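So the structure is just underneath, and the comments pick up after that.
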Amino acid sequence: MEREQLVEKTSAFVKNKLEGAEAGHDWWHTYRVWKAAVKIGTEENADLLVVELGALLHDIADSKFYDGDEEIGPTIAREFLESLGVEKEIMEKVEFIIRNISFKGGFNNPVNPTLELQVVQDADRLDALGAIGIARTFNYGGFKNRPLHDPSIPPEHYKDREAYKNSQAPTINHFYEKLLLLKDKMNTKVGKGLAKQRHEFMEAYLNQFFKEWEGN
Ligand code: ADP
Ligand code: NI
């Protein structure tokens, strides 16, 4: 099958599968990551088939919505790609992206990232930043019924991946525990540039947030 056709079939599969998902991890998150990944991947001369399939399938079954099961996503992706007859080498590269893309409190660094993982990871991280990043974060907090902010609960530096995953902290803490750390973790030149702009936008937002919190 041609790249265009594979990508089209994959996007239709993902769109259908993510029906009804939490808004921060739904089809439109995947869509934004896909678009950004193509843009960054083109600049970086990455293998665009791997980039597109990886971006489209990266959140097909996020473990945090499946009781922490980290096998379900890669398994669904592999079975789907096999059903399309995608060659083994491509499939393995895509699976590598799905397994290694996530932040997970920064405890999940692969030893040897491929260029294609770096591209999709940057695209995924960009969607955690800026105006959309802010919207997604409060949506997730609402989904989990967390307070917006509680001045008596400061942000934490989690000891390990479990502690990060199990955190019940107010949503604003997530900016300090993850989002503001992302700009220094970007892999590619284009990714770094976009992350810088979005980071500055979040800083301005937070300044305003704390000002308003005290009635100013
Ligand atoms: P992780 O590997 O950290 O779970 P994700 O890529 O799944 O990363 O997180 C995506 C987005 O979901 C975050 O950028 C954020 O908007 C939201 N999110 C994840 N965890 C939290 C949290 N504890 N509080 C608020 N938002 C969160
Ligand atoms: Ni994602």
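Ligands are numbered from 1 in the order shown, chains are lettered A, B, ... in the order of the structure tokens, and residues start at 1 in each chain.
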
Output as a Markdown table one row per residue of chain A within 10 Å of ligand 2: the closest atom pair and its distance in Å to one decimal place, counting only C-alpha atoms and all ligand atoms, sorted by chain and residue number ascending.
| residue | atom | partner | partner_atom_place_in_ligand_line | distance |
| --- | --- | --- | --- | --- |
| A:Gly24 | CA | ligand 2 | 1 (Ni) | 8.4 |
| A:His25 | CA | ligand 2 | 1 (Ni) | 6.3 |
| A:Asp26 | CA | ligand 2 | 1 (Ni) | 8.8 |
| A:Trp27 | CA | ligand 2 | 1 (Ni) | 9.9 |
| A:His29 | CA | ligand 2 | 1 (Ni) | 6.6 |
| A:Thr30 | CA | ligand 2 | 1 (Ni) | 6.5 |
| A:Tyr31 | CA | ligand 2 | 1 (Ni) | 9.9 |
| A:Arg32 | CA | ligand 2 | 1 (Ni) | 9.4 |
| A:Val33 | CA | ligand 2 | 1 (Ni) | 7.1 |
| A:Trp34 | CA | ligand 2 | 1 (Ni) | 9.8 |
| A:Ala55 | CA | ligand 2 | 1 (Ni) | 8.2 |
| A:Leu56 | CA | ligand 2 | 1 (Ni) | 9.4 |
| A:Leu57 | CA | ligand 2 | 1 (Ni) | 9.2 |
| A:His58 | CA | ligand 2 | 1 (Ni) | 6.3 |
| A:Asp59 | CA | ligand 2 | 1 (Ni) | 5.4 |
| A:Ile60 | CA | ligand 2 | 1 (Ni) | 9.0 |
| A:Asp62 | CA | ligand 2 | 1 (Ni) | 8.3 |
| A:Ile98 | CA | ligand 2 | 1 (Ni) | 9.6 |
| A:Ile101 | CA | ligand 2 | 1 (Ni) | 8.2 |
| A:Ser102 | CA | ligand 2 | 1 (Ni) | 7.6 |
| A:Phe103 | CA | ligand 2 | 1 (Ni) | 9.6 |
| A:Val120 | CA | ligand 2 | 1 (Ni) | 9.1 |
| A:Gln121 | CA | ligand 2 | 1 (Ni) | 8.4 |
| A:Ala123 | CA | ligand 2 | 1 (Ni) | 8.5 |
| A:Asp124 | CA | ligand 2 | 1 (Ni) | 5.0 |
| A:Arg125 | CA | ligand 2 | 1 (Ni) | 7.6 |
| A:Leu126 | CA | ligand 2 | 1 (Ni) | 9.6 |
| A:Asp127 | CA | ligand 2 | 1 (Ni) | 7.6 |
| A:Ala128 | CA | ligand 2 | 1 (Ni) | 8.3 |

Once you have the residues from the selection above, write them out as a PDB file, in the first residue's frame, restricted to N, CA and C atoms.
ATOM      1  N   GLY A  24      -8.512  16.026  26.134  1.00  0.00           N
ATOM      2  CA  GLY A  24      -7.074  16.300  25.998  1.00  0.00           C
ATOM      3  C   GLY A  24      -6.328  15.180  25.303  1.00  0.00           C
ATOM      4  N   HIS A  25      -6.952  14.023  25.190  1.00  0.00           N
ATOM      5  CA  HIS A  25      -6.297  12.863  24.583  1.00  0.00           C
ATOM      6  C   HIS A  25      -7.207  12.252  23.514  1.00  0.00           C
ATOM      7  N   ASP A  26      -7.985  13.076  22.862  1.00  0.00           N
ATOM      8  CA  ASP A  26      -8.942  12.573  21.882  1.00  0.00           C
ATOM      9  C   ASP A  26      -8.367  12.633  20.463  1.00  0.00           C
ATOM     10  N   TRP A  27      -9.222  12.412  19.492  1.00  0.00           N
ATOM     11  CA  TRP A  27      -8.768  12.451  18.096  1.00  0.00           C
ATOM     12  C   TRP A  27      -8.119  13.786  17.757  1.00  0.00           C
ATOM     13  N   HIS A  29      -6.444  15.820  19.617  1.00  0.00           N
ATOM     14  CA  HIS A  29      -5.053  15.862  20.119  1.00  0.00           C
ATOM     15  C   HIS A  29      -4.163  15.144  19.106  1.00  0.00           C
ATOM     16  N   THR A  30      -4.596  13.948  18.722  1.00  0.00           N
ATOM     17  CA  THR A  30      -3.824  13.174  17.751  1.00  0.00           C
ATOM     18  C   THR A  30      -3.670  13.942  16.441  1.00  0.00           C
ATOM     19  N   TYR A  31      -4.734  14.561  15.998  1.00  0.00           N
ATOM     20  CA  TYR A  31      -4.696  15.353  14.766  1.00  0.00           C
ATOM     21  C   TYR A  31      -3.635  16.462  14.849  1.00  0.00           C
ATOM     22  N   ARG A  32      -3.620  17.200  15.960  1.00  0.00           N
ATOM     23  CA  ARG A  32      -2.637  18.289  16.118  1.00  0.00           C
ATOM     24  C   ARG A  32      -1.208  17.756  16.152  1.00  0.00           C
ATOM     25  N   VAL A  33      -1.028  16.637  16.861  1.00  0.00           N
ATOM     26  CA  VAL A  33       0.310  16.040  16.937  1.00  0.00           C
ATOM     27  C   VAL A  33       0.750  15.574  15.548  1.00  0.00           C
ATOM     28  N   TRP A  34      -0.147  14.986  14.825  1.00  0.00           N
ATOM     29  CA  TRP A  34       0.129  14.506  13.461  1.00  0.00           C
ATOM     30  C   TRP A  34       0.580  15.671  12.573  1.00  0.00           C
ATOM     31  N   ALA A  55       2.755   9.155  14.943  1.00  0.00           N
ATOM     32  CA  ALA A  55       1.951  10.255  15.497  1.00  0.00           C
ATOM     33  C   ALA A  55       0.489   9.828  15.600  1.00  0.00           C
ATOM     34  N   LEU A  56      -0.006   9.196  14.551  1.00  0.00           N
ATOM     35  CA  LEU A  56      -1.423   8.803  14.543  1.00  0.00           C
ATOM     36  C   LEU A  56      -1.743   7.756  15.610  1.00  0.00           C
ATOM     37  N   LEU A  57      -0.791   6.867  15.869  1.00  0.00           N
ATOM     38  CA  LEU A  57      -1.090   5.756  16.796  1.00  0.00           C
ATOM     39  C   LEU A  57      -0.553   5.983  18.207  1.00  0.00           C
ATOM     40  N   HIS A  58       0.084   7.142  18.466  1.00  0.00           N
ATOM     41  CA  HIS A  58       0.823   7.274  19.734  1.00  0.00           C
ATOM     42  C   HIS A  58      -0.053   7.238  20.981  1.00  0.00           C
ATOM     43  N   ASP A  59      -1.313   7.645  20.869  1.00  0.00           N
ATOM     44  CA  ASP A  59      -2.201   7.632  22.039  1.00  0.00           C
ATOM     45  C   ASP A  59      -3.415   6.737  21.804  1.00  0.00           C
ATOM     46  N   ILE A  60      -3.233   5.695  21.013  1.00  0.00           N
ATOM     47  CA  ILE A  60      -4.364   4.840  20.657  1.00  0.00           C
ATOM     48  C   ILE A  60      -4.999   4.205  21.906  1.00  0.00           C
ATOM     49  N   ASP A  62      -3.878   5.065  25.755  1.00  0.00           N
ATOM     50  CA  ASP A  62      -2.991   5.623  26.773  1.00  0.00           C
ATOM     51  C   ASP A  62      -3.174   4.847  28.080  1.00  0.00           C
ATOM     52  N   ILE A  98       5.616   4.505  20.030  1.00  0.00           N
ATOM     53  CA  ILE A  98       4.491   4.412  20.972  1.00  0.00           C
ATOM     54  C   ILE A  98       4.988   4.054  22.381  1.00  0.00           C
ATOM     55  N   ILE A 101       7.404   7.394  23.801  1.00  0.00           N
ATOM     56  CA  ILE A 101       7.086   8.810  23.631  1.00  0.00           C
ATOM     57  C   ILE A 101       6.739   9.540  24.925  1.00  0.00           C
ATOM     58  N   SER A 102       6.183   8.819  25.889  1.00  0.00           N
ATOM     59  CA  SER A 102       5.522   9.493  27.009  1.00  0.00           C
ATOM     60  C   SER A 102       6.482  10.082  28.035  1.00  0.00           C
ATOM     61  N   PHE A 103       6.015  11.164  28.633  1.00  0.00           N
ATOM     62  CA  PHE A 103       6.795  11.900  29.631  1.00  0.00           C
ATOM     63  C   PHE A 103       6.931  11.104  30.924  1.00  0.00           C
ATOM     64  N   VAL A 120       8.179  12.934  16.698  1.00  0.00           N
ATOM     65  CA  VAL A 120       6.816  12.753  17.213  1.00  0.00           C
ATOM     66  C   VAL A 120       6.750  13.196  18.676  1.00  0.00           C
ATOM     67  N   GLN A 121       7.788  12.950  19.421  1.00  0.00           N
ATOM     68  CA  GLN A 121       7.833  13.373  20.819  1.00  0.00           C
ATOM     69  C   GLN A 121       7.767  14.896  20.926  1.00  0.00           C
ATOM     70  N   ALA A 123       6.383  16.889  18.753  1.00  0.00           N
ATOM     71  CA  ALA A 123       5.027  17.284  18.358  1.00  0.00           C
ATOM     72  C   ALA A 123       4.051  17.054  19.515  1.00  0.00           C
ATOM     73  N   ASP A 124       4.204  15.941  20.212  1.00  0.00           N
ATOM     74  CA  ASP A 124       3.329  15.620  21.344  1.00  0.00           C
ATOM     75  C   ASP A 124       3.567  16.617  22.485  1.00  0.00           C
ATOM     76  N   ARG A 125       4.819  16.941  22.737  1.00  0.00           N
ATOM     77  CA  ARG A 125       5.143  17.899  23.803  1.00  0.00           C
ATOM     78  C   ARG A 125       4.615  19.284  23.483  1.00  0.00           C
ATOM     79  N   LEU A 126       4.680  19.666  22.217  1.00  0.00           N
ATOM     80  CA  LEU A 126       4.158  20.990  21.837  1.00  0.00           C
ATOM     81  C   LEU A 126       2.675  21.112  22.163  1.00  0.00           C
ATOM     82  N   ASP A 127       1.943  20.018  22.036  1.00  0.00           N
ATOM     83  CA  ASP A 127       0.506  20.074  22.303  1.00  0.00           C
ATOM     84  C   ASP A 127       0.221  20.175  23.810  1.00  0.00           C
ATOM     85  N   ALA A 128       1.254  19.974  24.628  1.00  0.00           N
ATOM     86  CA  ALA A 128       1.095  20.160  26.081  1.00  0.00           C
ATOM     87  C   ALA A 128       1.372  21.611  26.468  1.00  0.00           C
TER      88      ALA A 128
END

Taking only C-alpha atoms and all ligand atoms into account, which residues are within 10 Å of ligand 1, as a PyMOL selection string? chain A and resi 22-25+29+58-59+62-65+100-108+121+124-129+132-144+146+148+161+164-175+177-179+182

According to DSSP computed on the backbone, where in region 121-171 of chain A is there helix (DSSP H, G or I)? Give the residues as a list in words.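 Residues of region 121-171 of chain A classed as helix (DSSP H, G or I): Gln121, Asp122, Ala123, Asp124, Arg125, Leu126, Gly130, Ala131, Ile132, Gly133, Ile134, Ala135, Arg136, Thr137, Phe138, Asn139, Tyr140, Gly141, Gly142, Phe143, Arg161, Glu162, Ala163, Tyr164, Lys165 and Thr171 of chain A.
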
For the residues in that selection, give me C-alpha atoms as a short mmCIF file (atom, residue, chain, number, x, y, z; two decimals), in the first residue's frame.
data_model
loop_
_atom_site.label_atom_id
_atom_site.label_comp_id
_atom_site.auth_asym_id
_atom_site.auth_seq_id
_atom_site.Cartn_x
_atom_site.Cartn_y
_atom_site.Cartn_z
CA GLN A 121 7.83 13.37 20.82
CA ASP A 122 8.42 17.05 20.06
CA ALA A 123 5.03 17.28 18.36
CA ASP A 124 3.33 15.62 21.34
CA ARG A 125 5.14 17.90 23.80
CA LEU A 126 4.16 20.99 21.84
CA GLY A 130 0.68 27.14 24.96
CA ALA A 131 -3.03 27.93 24.74
CA ILE A 132 -3.95 24.36 23.88
CA GLY A 133 -1.69 22.97 26.59
CA ILE A 134 -3.49 25.12 29.18
CA ALA A 135 -6.91 24.01 27.92
CA ARG A 136 -5.93 20.34 27.97
CA THR A 137 -4.49 20.56 31.43
CA PHE A 138 -7.59 22.05 33.03
CA ASN A 139 -9.73 19.63 31.10
CA TYR A 140 -7.75 16.70 32.48
CA GLY A 141 -7.96 18.17 35.99
CA GLY A 142 -11.72 18.48 35.58
CA PHE A 143 -11.94 14.93 34.29
CA ARG A 161 7.22 7.24 38.06
CA GLU A 162 4.59 5.70 40.36
CA ALA A 163 4.47 8.78 42.58
CA TYR A 164 4.06 11.00 39.49
CA LYS A 165 1.26 8.86 38.07
CA THR A 171 -4.11 21.22 38.35
#

If I take CA of Glu200 (chain A) and CA of Val51 (chain A), how far is one from the other in Å, to one decimal?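 Computed distance, CA of Glu200 (chain A) to CA of Val51 (chain A), equals 27.5 Å.
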
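In terms of minimum interatomic distance to Met186 (chain A), A:Ile40 ranks closest within A:Ile40, A:Leu53, A:Met202, A:Arg99, counting only C-alpha atoms.
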
What does the structure give for the distance between CA of Gly215 (chain A) and CA of Glu203 (chain A), in Å to one decimal? 18.9 Å

Rounded to one decimal in Å, what is the spacing between CA of Ser83 (chain A) and CA of Glu70 (chain A)?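 Interatomic distance, CA of Ser83 (chain A) to CA of Glu70 (chain A): 21.3 Å.
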
Might you pull out every residue within 10 Å of Phe210 (chain A), with only C-alpha atoms counted and same-chain residues fewer than 6 positions away left off, and present them as a list of chain:residue names?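 Counting only the stated atoms, we get A:His149, A:Pro151, A:Asn216.
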
Next, dump the selected residues to file, keeping only N, CA, C and O atoms, as a short mmCIF file (atom, residue, chain, number, x, y, z; two decimals), in the first residue's frame.
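Once everything was written out, this is again_32.cif:
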data_model
loop_
_atom_site.label_atom_id
_atom_site.label_comp_id
_atom_site.auth_asym_id
_atom_site.auth_seq_id
_atom_site.Cartn_x
_atom_site.Cartn_y
_atom_site.Cartn_z
N HIS A 149 -6.43 25.08 42.01
CA HIS A 149 -5.22 25.53 42.71
C HIS A 149 -5.51 25.44 44.20
O HIS A 149 -6.64 25.66 44.62
N PRO A 151 -3.26 26.93 47.44
CA PRO A 151 -1.97 27.52 47.85
C PRO A 151 -1.26 26.73 48.94
O PRO A 151 -0.05 26.87 49.11
N ASN A 216 -6.66 40.65 42.43
CA ASN A 216 -6.09 41.82 41.75
C ASN A 216 -6.39 41.82 40.24
O ASN A 216 -6.71 40.82 39.66
#
